[in-house]
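What's in my_file.cif: mmCIF, C-alpha atoms and all ligand atoms
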data_target
loop_
_atom_site.group_PDB
_atom_site.id
_atom_site.type_symbol
_atom_site.label_atom_id
_atom_site.label_comp_id
_atom_site.auth_asym_id
_atom_site.auth_seq_id
_atom_site.Cartn_x
_atom_site.Cartn_y
_atom_site.Cartn_z
ATOM 1 C CA MET U 30 129.397 147.958 147.438
ATOM 2 C CA PRO U 31 130.649 151.452 148.332
ATOM 3 C CA SER U 32 131.645 153.445 145.258
ATOM 4 C CA THR U 33 135.026 154.521 146.669
ATOM 5 C CA ASP U 34 137.355 152.665 148.954
ATOM 6 C CA PRO U 35 139.738 154.617 151.164
ATOM 7 C CA GLU U 36 143.401 154.891 150.193
ATOM 8 C CA LEU U 37 145.258 152.419 152.376
ATOM 9 C CA PRO U 38 148.999 151.745 152.660
ATOM 10 C CA PRO U 39 150.301 148.441 151.229
ATOM 11 C CA LEU U 40 150.018 145.604 153.759
ATOM 12 C CA ARG U 41 153.794 145.079 153.712
ATOM 13 C CA ASP U 42 154.214 148.669 154.935
ATOM 14 C CA VAL U 43 151.644 148.075 157.683
ATOM 15 C CA ILE U 44 153.516 144.946 158.805
ATOM 16 C CA ALA U 45 156.835 146.820 158.835
ATOM 17 C CA ARG U 46 155.423 149.915 160.561
ATOM 18 C CA TYR U 47 153.855 147.973 163.436
ATOM 19 C CA GLY U 48 156.516 145.260 163.665
ATOM 20 C CA LEU U 49 154.132 142.403 162.872
ATOM 21 C CA GLY U 50 156.710 139.687 162.240
ATOM 22 C CA ALA U 51 154.751 136.414 162.018
ATOM 23 C CA ARG U 52 154.571 134.275 165.169
ATOM 24 C CA LYS U 53 154.339 130.538 164.686
ATOM 25 C CA SER U 54 152.683 130.037 168.068
ATOM 26 C CA LEU U 55 149.704 132.062 166.787
ATOM 27 C CA GLY U 56 149.522 130.242 163.438
ATOM 28 C CA GLN U 57 150.400 133.459 161.626
ATOM 29 C CA HIS U 58 150.609 133.151 157.858
ATOM 30 C CA PHE U 59 149.430 136.395 156.331
ATOM 31 C CA LEU U 60 147.666 136.854 153.000
ATOM 32 C CA LEU U 61 148.973 139.968 151.319
ATOM 33 C CA ASP U 62 147.463 139.386 147.864
ATOM 34 C CA LEU U 63 144.340 141.532 147.841
ATOM 35 C CA ASN U 64 142.927 139.702 144.787
ATOM 36 C CA LEU U 65 142.960 136.545 146.858
ATOM 37 C CA THR U 66 141.406 138.130 149.936
ATOM 38 C CA ALA U 67 138.697 139.617 147.664
ATOM 39 C CA ARG U 68 138.041 136.127 146.307
ATOM 40 C CA VAL U 69 137.596 134.698 149.812
ATOM 41 C CA ALA U 70 135.277 137.589 150.730
ATOM 42 C CA ARG U 71 133.149 137.097 147.580
ATOM 43 C CA ALA U 72 132.673 133.412 148.412
ATOM 44 C CA ALA U 73 130.611 134.418 151.463
ATOM 45 C CA GLY U 74 127.874 135.959 149.272
ATOM 46 C CA ASP U 75 125.970 139.114 150.118
ATOM 47 C CA LEU U 76 127.789 140.860 152.969
ATOM 48 C CA GLU U 77 125.641 143.964 152.988
ATOM 49 C CA ARG U 78 123.194 142.638 155.580
ATOM 50 C CA GLY U 79 123.928 141.387 159.065
ATOM 51 C CA THR U 80 127.387 140.793 160.476
ATOM 52 C CA VAL U 81 130.601 139.309 159.186
ATOM 53 C CA ILE U 82 132.708 137.761 161.931
ATOM 54 C CA GLU U 83 136.388 137.388 161.134
ATOM 55 C CA VAL U 84 138.678 135.380 163.383
ATOM 56 C CA GLY U 85 142.320 136.395 163.328
ATOM 57 C CA PRO U 86 142.434 139.495 161.112
ATOM 58 C CA GLY U 87 146.191 139.908 161.727
ATOM 59 C CA PRO U 88 147.382 142.959 159.746
ATOM 60 C CA GLY U 89 143.963 143.117 158.061
ATOM 61 C CA GLY U 90 144.326 141.742 154.508
ATOM 62 C CA LEU U 91 141.134 139.692 154.516
ATOM 63 C CA THR U 92 139.414 142.402 156.587
ATOM 64 C CA ARG U 93 140.130 144.849 153.765
ATOM 65 C CA GLY U 94 138.687 142.346 151.295
ATOM 66 C CA LEU U 95 135.500 142.039 153.349
ATOM 67 C CA LEU U 96 135.040 145.788 153.705
ATOM 68 C CA ALA U 97 135.793 146.445 150.049
ATOM 69 C CA ALA U 98 133.252 143.748 149.156
ATOM 70 C CA GLY U 99 130.654 145.898 150.899
ATOM 71 C CA ALA U 100 130.440 144.250 154.325
ATOM 72 C CA HIS U 101 128.073 146.427 156.294
ATOM 73 C CA ARG U 102 129.541 145.412 159.635
ATOM 74 C CA VAL U 103 132.638 143.352 160.415
ATOM 75 C CA ILE U 104 133.495 142.147 163.904
ATOM 76 C CA ALA U 105 137.070 140.892 163.967
ATOM 77 C CA ILE U 106 138.524 138.927 166.884
ATOM 78 C CA GLU U 107 142.313 139.055 167.219
ATOM 79 C CA LYS U 108 144.424 137.491 169.943
ATOM 80 C CA ASP U 109 147.696 139.220 169.023
ATOM 81 C CA ALA U 110 147.721 142.656 170.681
ATOM 82 C CA ARG U 111 150.503 143.761 168.282
ATOM 83 C CA CYS U 112 147.929 143.852 165.455
ATOM 84 C CA LEU U 113 145.450 146.139 167.196
ATOM 85 C CA SER U 114 146.935 149.485 166.084
ATOM 86 C CA ALA U 115 146.973 148.428 162.437
ATOM 87 C CA LEU U 116 143.384 147.227 162.755
ATOM 88 C CA GLY U 117 142.457 150.483 164.492
ATOM 89 C CA ASP U 118 143.701 152.398 161.428
ATOM 90 C CA LEU U 119 141.477 150.237 159.246
ATOM 91 C CA ALA U 120 138.482 150.879 161.496
ATOM 92 C CA LEU U 121 139.068 154.637 161.130
ATOM 93 C CA ALA U 122 139.228 154.278 157.360
ATOM 94 C CA TYR U 123 135.814 152.562 157.339
ATOM 95 C CA PRO U 124 133.878 154.499 160.005
ATOM 96 C CA GLY U 125 131.257 152.501 161.884
ATOM 97 C CA ARG U 126 131.854 149.319 159.896
ATOM 98 C CA LEU U 127 134.687 147.548 161.694
ATOM 99 C CA GLU U 128 134.727 146.543 165.346
ATOM 100 C CA ILE U 129 137.804 144.868 166.786
ATOM 101 C CA ILE U 130 137.603 142.501 169.723
ATOM 102 C CA ALA U 131 140.963 141.873 171.371
ATOM 103 C CA GLY U 132 140.855 138.319 172.679
ATOM 104 C CA ASP U 133 140.876 134.591 172.143
ATOM 105 C CA ALA U 134 138.170 133.466 169.709
ATOM 106 C CA LEU U 135 137.961 130.130 171.541
ATOM 107 C CA ARG U 136 136.549 132.006 174.527
ATOM 108 C CA ILE U 137 134.065 134.132 172.610
ATOM 109 C CA ASP U 138 130.568 133.035 171.639
ATOM 110 C CA ALA U 139 130.495 134.085 167.980
ATOM 111 C CA ALA U 140 126.800 133.192 167.722
ATOM 112 C CA SER U 141 125.939 136.096 170.004
ATOM 113 C CA LEU U 142 127.975 138.755 168.173
ATOM 114 C CA GLY U 143 126.269 141.424 166.078
ATOM 115 C CA ALA U 144 123.003 141.213 164.211
ATOM 116 C CA PRO U 145 122.014 138.200 162.101
ATOM 117 C CA PRO U 146 122.490 136.971 159.473
ATOM 118 C CA ARG U 147 125.999 136.177 160.729
ATOM 119 C CA ARG U 148 128.723 134.956 158.414
ATOM 120 C CA ILE U 149 132.065 133.773 159.668
ATOM 121 C CA VAL U 150 134.845 134.412 157.182
ATOM 122 C CA ALA U 151 138.382 133.606 158.255
ATOM 123 C CA ASN U 152 141.838 132.494 157.302
ATOM 124 C CA LEU U 153 142.010 130.391 160.430
ATOM 125 C CA PRO U 154 145.061 129.984 162.646
ATOM 126 C CA TYR U 155 145.819 126.326 161.960
ATOM 127 C CA ASN U 156 146.675 125.432 165.543
ATOM 128 C CA VAL U 157 143.113 126.164 166.732
ATOM 129 C CA ALA U 158 141.112 125.742 163.505
ATOM 130 C CA THR U 159 139.479 122.426 164.463
ATOM 131 C CA PRO U 160 138.497 123.429 168.033
ATOM 132 C CA LEU U 161 137.035 126.668 166.649
ATOM 133 C CA LEU U 162 135.020 124.772 164.049
ATOM 134 C CA VAL U 163 133.741 122.306 166.671
ATOM 135 C CA ARG U 164 132.669 125.221 168.843
ATOM 136 C CA TRP U 165 130.713 126.780 165.943
ATOM 137 C CA LEU U 166 129.156 123.398 165.125
ATOM 138 C CA GLU U 167 127.958 123.209 168.738
ATOM 139 C CA SER U 168 126.226 126.575 168.267
ATOM 140 C CA ILE U 169 124.633 125.377 165.013
ATOM 141 C CA ALA U 170 123.439 122.151 166.676
ATOM 142 C CA GLN U 171 121.682 124.269 169.291
ATOM 143 C CA THR U 172 120.409 126.983 166.936
ATOM 144 C CA PRO U 173 120.721 126.212 163.208
ATOM 145 C CA ASP U 174 120.469 129.861 162.182
ATOM 146 C CA SER U 175 123.355 130.920 164.454
ATOM 147 C CA PHE U 176 125.277 131.461 161.223
ATOM 148 C CA ALA U 177 124.099 131.935 157.636
ATOM 149 C CA CYS U 178 127.386 130.604 156.306
ATOM 150 C CA LEU U 179 131.003 129.994 157.200
ATOM 151 C CA VAL U 180 133.762 130.516 154.652
ATOM 152 C CA LEU U 181 136.920 129.189 156.209
ATOM 153 C CA MET U 182 140.500 128.605 155.162
ATOM 154 C CA PHE U 183 142.063 125.451 156.598
ATOM 155 C CA GLN U 184 145.113 123.346 155.948
ATOM 156 C CA LYS U 185 144.072 121.272 152.919
ATOM 157 C CA GLU U 186 144.292 118.077 154.946
ATOM 158 C CA VAL U 187 141.609 119.364 157.349
ATOM 159 C CA ALA U 188 139.492 120.743 154.491
ATOM 160 C CA ASP U 189 139.612 117.310 152.843
ATOM 161 C CA ARG U 190 138.260 115.753 156.038
ATOM 162 C CA LEU U 191 135.317 118.167 156.128
ATOM 163 C CA VAL U 192 134.139 117.261 152.626
ATOM 164 C CA ALA U 193 135.117 113.557 152.649
ATOM 165 C CA VAL U 194 132.618 110.842 151.696
ATOM 166 C CA PRO U 195 132.411 107.299 153.155
ATOM 167 C CA ARG U 196 135.031 104.720 152.150
ATOM 168 C CA THR U 197 137.785 107.293 151.793
ATOM 169 C CA LYS U 198 140.828 107.830 153.978
ATOM 170 C CA ALA U 199 139.862 111.378 154.940
ATOM 171 C CA TYR U 200 136.355 110.379 156.083
ATOM 172 C CA GLY U 201 135.973 110.477 159.847
ATOM 173 C CA ARG U 202 134.450 112.101 162.864
ATOM 174 C CA LEU U 203 134.860 115.676 161.618
ATOM 175 C CA SER U 204 133.282 114.809 158.227
ATOM 176 C CA ILE U 205 130.243 113.353 159.965
ATOM 177 C CA LEU U 206 129.689 116.110 162.528
ATOM 178 C CA THR U 207 130.125 118.822 159.909
ATOM 179 C CA GLN U 208 128.030 117.248 157.160
ATOM 180 C CA TRP U 209 125.310 116.319 159.649
ATOM 181 C CA LEU U 210 124.782 120.029 160.378
ATOM 182 C CA CYS U 211 125.945 121.807 157.216
ATOM 183 C CA GLU U 212 126.084 121.566 153.483
ATOM 184 C CA VAL U 213 129.800 121.607 152.847
ATOM 185 C CA ARG U 214 131.490 122.616 149.618
ATOM 186 C CA PRO U 215 135.191 122.769 148.752
ATOM 187 C CA LEU U 216 135.755 126.187 147.155
ATOM 188 C CA PHE U 217 139.397 126.570 146.102
ATOM 189 C CA ASP U 218 142.969 125.748 147.083
ATOM 190 C CA VAL U 219 145.531 128.382 147.998
ATOM 191 C CA PRO U 220 149.204 127.509 147.444
ATOM 192 C CA ALA U 221 151.674 127.944 150.309
ATOM 193 C CA ARG U 222 153.549 130.634 148.363
ATOM 194 C CA ALA U 223 150.519 132.954 148.628
ATOM 195 C CA PHE U 224 151.235 133.458 152.345
ATOM 196 C CA THR U 225 153.859 135.414 154.245
ATOM 197 C CA PRO U 226 155.599 133.412 155.601
ATOM 198 C CA PRO U 227 154.593 130.360 153.525
ATOM 199 C CA PRO U 228 153.309 127.414 155.576
ATOM 200 C CA LYS U 229 154.582 123.888 154.840
ATOM 201 C CA VAL U 230 151.281 122.787 153.316
ATOM 202 C CA THR U 231 148.630 123.842 150.812
ATOM 203 C CA SER U 232 145.526 125.546 152.187
ATOM 204 C CA SER U 233 141.899 125.233 151.085
ATOM 205 C CA VAL U 234 138.850 127.414 151.419
ATOM 206 C CA VAL U 235 135.687 125.554 152.363
ATOM 207 C CA GLY U 236 132.107 126.875 152.484
ATOM 208 C CA LEU U 237 129.684 125.600 155.119
ATOM 209 C CA TRP U 238 125.982 126.414 154.934
ATOM 210 C CA PRO U 239 124.111 125.290 158.070
ATOM 211 C CA ARG U 240 121.096 123.115 157.259
ATOM 212 C CA PRO U 241 117.726 124.332 158.627
ATOM 213 C CA THR U 242 117.524 120.954 160.378
ATOM 214 C CA PRO U 243 120.288 118.374 160.743
ATOM 215 C CA LEU U 244 120.520 115.576 158.184
ATOM 216 C CA ALA U 245 118.939 113.103 160.656
ATOM 217 C CA PRO U 246 117.774 113.311 164.287
ATOM 218 C CA ALA U 247 120.503 112.806 166.923
ATOM 219 C CA ARG U 248 122.103 114.569 169.860
ATOM 220 C CA LEU U 249 125.450 116.147 169.076
ATOM 221 C CA GLU U 250 127.025 114.878 172.284
ATOM 222 C CA THR U 251 126.011 111.288 171.561
ATOM 223 C CA LEU U 252 126.967 111.486 167.891
ATOM 224 C CA ALA U 253 130.372 112.793 168.949
ATOM 225 C CA ARG U 254 130.759 109.850 171.372
ATOM 226 C CA VAL U 255 129.770 107.227 168.813
ATOM 227 C CA THR U 256 131.988 108.632 166.070
ATOM 228 C CA ALA U 257 134.921 108.965 168.491
ATOM 229 C CA ALA U 258 134.564 105.290 169.455
ATOM 230 C CA ALA U 259 134.067 104.044 165.894
ATOM 231 C CA PHE U 260 136.934 106.017 164.346
ATOM 232 C CA GLY U 261 139.179 105.621 167.383
ATOM 233 C CA GLN U 262 139.868 102.176 165.933
ATOM 234 C CA ARG U 263 138.922 102.805 162.327
ATOM 235 C CA ARG U 264 140.437 99.596 160.954
ATOM 236 C CA LYS U 265 138.498 97.403 163.364
ATOM 237 C CA MET U 266 134.992 96.088 162.808
ATOM 238 C CA LEU U 267 132.249 98.065 164.530
ATOM 239 C CA ARG U 268 131.421 95.206 166.904
ATOM 240 C CA GLN U 269 134.951 95.648 168.265
ATOM 241 C CA SER U 270 135.523 99.399 167.998
ATOM 242 C CA LEU U 271 132.209 100.339 169.636
ATOM 243 C CA LYS U 272 132.989 98.255 172.740
ATOM 244 C CA SER U 273 134.677 101.294 174.283
ATOM 245 C CA LEU U 274 131.179 102.789 174.690
ATOM 246 C CA GLY U 275 130.608 100.265 177.460
ATOM 247 C CA VAL U 276 127.169 99.134 176.246
ATOM 248 C CA ASP U 277 125.784 96.161 174.332
ATOM 249 C CA VAL U 278 126.785 97.170 170.799
ATOM 250 C CA GLY U 279 124.392 94.760 169.021
ATOM 251 C CA PRO U 280 121.352 97.095 169.124
ATOM 252 C CA LEU U 281 123.447 100.036 167.929
ATOM 253 C CA ILE U 282 124.745 98.207 164.875
ATOM 254 C CA ALA U 283 121.260 96.805 164.178
ATOM 255 C CA ALA U 284 119.865 100.353 164.282
ATOM 256 C CA ALA U 285 122.345 101.379 161.600
ATOM 257 C CA GLU U 286 121.170 98.407 159.487
ATOM 258 C CA VAL U 287 124.731 97.361 158.671
ATOM 259 C CA PRO U 288 126.537 94.063 159.330
ATOM 260 C CA GLU U 289 128.495 93.797 162.606
ATOM 261 C CA THR U 290 131.580 93.264 160.489
ATOM 262 C CA ALA U 291 131.266 96.719 158.898
ATOM 263 C CA ARG U 292 133.966 99.299 159.606
ATOM 264 C CA ALA U 293 133.384 102.904 160.620
ATOM 265 C CA GLU U 294 134.435 104.368 157.295
ATOM 266 C CA GLU U 295 131.727 102.387 155.446
ATOM 267 C CA LEU U 296 128.827 104.079 157.266
ATOM 268 C CA ASP U 297 127.115 107.249 156.112
ATOM 269 C CA VAL U 298 126.017 110.126 158.351
ATOM 270 C CA ALA U 299 122.438 108.827 158.732
ATOM 271 C CA SER U 300 123.728 105.439 159.969
ATOM 272 C CA PHE U 301 125.853 107.133 162.635
ATOM 273 C CA CYS U 302 122.800 109.163 163.696
ATOM 274 C CA ALA U 303 120.798 105.922 163.986
ATOM 275 C CA MET U 304 123.515 104.470 166.248
ATOM 276 C CA ALA U 305 123.550 107.652 168.353
ATOM 277 C CA ARG U 306 119.763 107.451 168.830
ATOM 278 C CA ALA U 307 120.044 103.771 169.773
ATOM 279 C CA LEU U 308 122.768 104.615 172.308
ATOM 280 C CA ASP U 309 120.529 107.273 173.872
ATOM 281 C CA ASP U 310 117.702 104.698 173.972
ATOM 282 C CA THR U 311 119.884 102.218 175.870
ATOM 283 C CA ALA U 312 120.682 104.930 178.435
ATOM 284 C CA SER U 313 117.048 105.975 179.020
HETATM 285 N N1 LIG U 401 143.530 137.106 158.461
HETATM 286 C C1 LIG U 401 144.944 137.343 158.308
HETATM 287 C C2 LIG U 401 145.350 137.047 156.891
HETATM 288 O O1 LIG U 401 144.588 136.356 156.206
HETATM 289 O O2 LIG U 401 146.410 137.503 156.483
HETATM 290 C C3 LIG U 401 145.770 136.493 159.292
HETATM 291 C C4 LIG U 401 145.520 135.010 159.245
HETATM 292 S S1 LIG U 401 146.659 134.077 160.234
HETATM 293 C C5 LIG U 401 146.536 132.500 159.410
HETATM 294 C C6 LIG U 401 145.758 133.709 161.736
HETATM 295 C C7 LIG U 401 145.457 134.902 162.637
HETATM 296 O O3 LIG U 401 144.731 134.433 163.778
HETATM 297 C C8 LIG U 401 146.667 135.612 163.207
HETATM 298 O O4 LIG U 401 146.483 137.003 163.079
HETATM 299 C C9 LIG U 401 146.705 135.216 164.690
HETATM 300 O O5 LIG U 401 147.276 136.189 165.530
HETATM 301 C C10 LIG U 401 145.228 135.035 164.978
HETATM 302 N N2 LIG U 401 144.922 134.118 166.079
HETATM 303 C C11 LIG U 401 145.600 133.003 166.473
HETATM 304 N N3 LIG U 401 144.967 132.382 167.467
HETATM 305 C C12 LIG U 401 143.844 133.103 167.720
HETATM 306 C C13 LIG U 401 142.777 132.978 168.652
HETATM 307 N N4 LIG U 401 142.731 131.959 169.511
HETATM 308 N N5 LIG U 401 141.798 133.909 168.645
HETATM 309 C C14 LIG U 401 141.836 134.964 167.769
HETATM 310 N N6 LIG U 401 142.819 135.133 166.864
HETATM 311 C C15 LIG U 401 143.809 134.223 166.835
#
Show me the file's structure as structure tokens.
Amino acid sequence: MPSTDPELPPLRDVIARYGLGARKSLGQHFLLDLNLTARVARAAGDLERGTVIEVGPGPGGLTRGLLAAGAHRVIAIEKDARCLSALGDLALAYPGRLEIIAGDALRIDAASLGAPPRRIVANLPYNVATPLLVRWLESIAQTPDSFACLVLMFQKEVADRLVAVPRTKAYGRLSILTQWLCEVRPLFDVPARAFTPPPKVTSSVVGLWPRPTPLAPARLETLARVTAAAFGQRRKMLRQSLKSLGVDVGPLIAAAEVPETARAEELDVASFCAMARALDDTAS
């Protein structure tokens, strides 16, 4: 960690100076409590090697936390052009350590940014948090060491889905795809009042550590198809819900070694992988 951090104006002054009133359409809820942003940054471990990728730095609260925690290099992707001047000031205060990309993170391949190990740390815009995560999971499925870890703030309801275990209401497609590829740990909740403006719901920080190899063999595309079919009608028995796949579902359910009367939420990740492999076998 650097011994001295530059003197920076309070974030509220930065927001006022650059007219960064929060826009709902961009999921803007800013964290102005620097103790909290430091806590999120610390959760990502050693930031002194490789690259930290931050999505949606906004006025730069979490970015400050990352730099103060010793991040050697931060690449921050921000869609809102209004924030770029404030972020430019921050880049000047930490010479050579902060690069800003003006653009839509959904269109940028984070796995090709900067030098590894790459860590994504972000207070995600809620309206695109799930598509962003799915995109990063696709990179991990292709190349497990795309990212060393991801420390991400979600709406608590989404965070609960990521860590959910079978036979619970939150367990579903996102739980399976995420846990198949990553070790997932709930880290801490952040109350709505910590944000400016406060969102309607509690938020949660979740840590994802990509596994060197997925939990069980399968193709992501097929696993996504099987889980979409099974949870598309989660109250129905598998023999019914899987019909939308348009194949004989008997061999799939047999591969999972569960009764045909089982429901999607009763199956663990390995069973879904077995069904995905069986589906690929029927197609070949
Ligand atoms: N990191 C800041 C903080 O913690 O205070 C802001 C977090 S705010 C929840 C989400 C940020 O993501 C906003 O700055 C918003 O402009 C930005 N954003 C929204 N959609 C985006 C996208 N598709 N790509 C990049 N940034 C985006």
Spatial neighbours of U:Tyr200, 10 Å, only C-alpha atoms, chain gap at least 2 places, as a ChimeraX atom specification: /U:189-198,202-205,260,293-297
Given 9 Å and all atoms listed in the file, residues near ligand LIG 401 (chain U) as an MDAnalysis selection string: chainID U and resid 51:62 66 83:92 105:112 130:137 151:158 161 182:183 224:225
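Nearest-residue note for U:Leu274: choosing from U:Leu63, U:Asp309, U:Thr290, U:Arg214, the minimum distance belongs to U:Asp309, counting all atoms listed in the file.
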Computed interatomic separation between atom CA of U:Ala45 and atom CA of U:Gln184 (Å): 26.4 Å
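Picture a line from atom CA of U:Gly99 to atom CA of U:Leu37; it runs 16.1 Å.
Reported to one decimal place, the separation of atom CA of U:Val163 from atom CA of U:Ser273 is 22.4 Å.
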Contacts of U:Ala305 at 8 Å (all atoms listed in the file; same-chain gap of 6+ positions) as a ChimeraX atom specification: /U:247-248,251-252,255,281
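With distances restricted to all atoms listed in the file, U:Leu113 is the closest residue to U:Ile44 from U:Arg102, U:Leu267, U:Leu113, U:Leu121.
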Residues matched by the PyMOL selection byres (((chain U and resi 178) around 8) and not hetatm), written as number ranges by chain: U: 73, 147-149, 176-177, 179-180, 236-239
Answer key for the PyMOL selection byres (((chain U and resi 219) around 9) and not hetatm), residues as an MDAnalysis selection string: chainID U and resid 65 182 185 217:218 220:224 231:234
Residue with smallest distance to U:Glu186 - pool U:Val235, U:Val278, U:Val150, U:Ala170, counting only C-alpha atoms: U:Val235
Closest of U:Thr256, U:Thr311, U:Thr172, U:Asn64 to U:Ala98 - atom-to-atom distances counting only C-alpha atoms: U:Asn64
Among listed residues U:Gly94, U:Ala188, U:Ala122, U:Arg292, nearest U:Gln262 (using all atoms listed in the file): U:Arg292
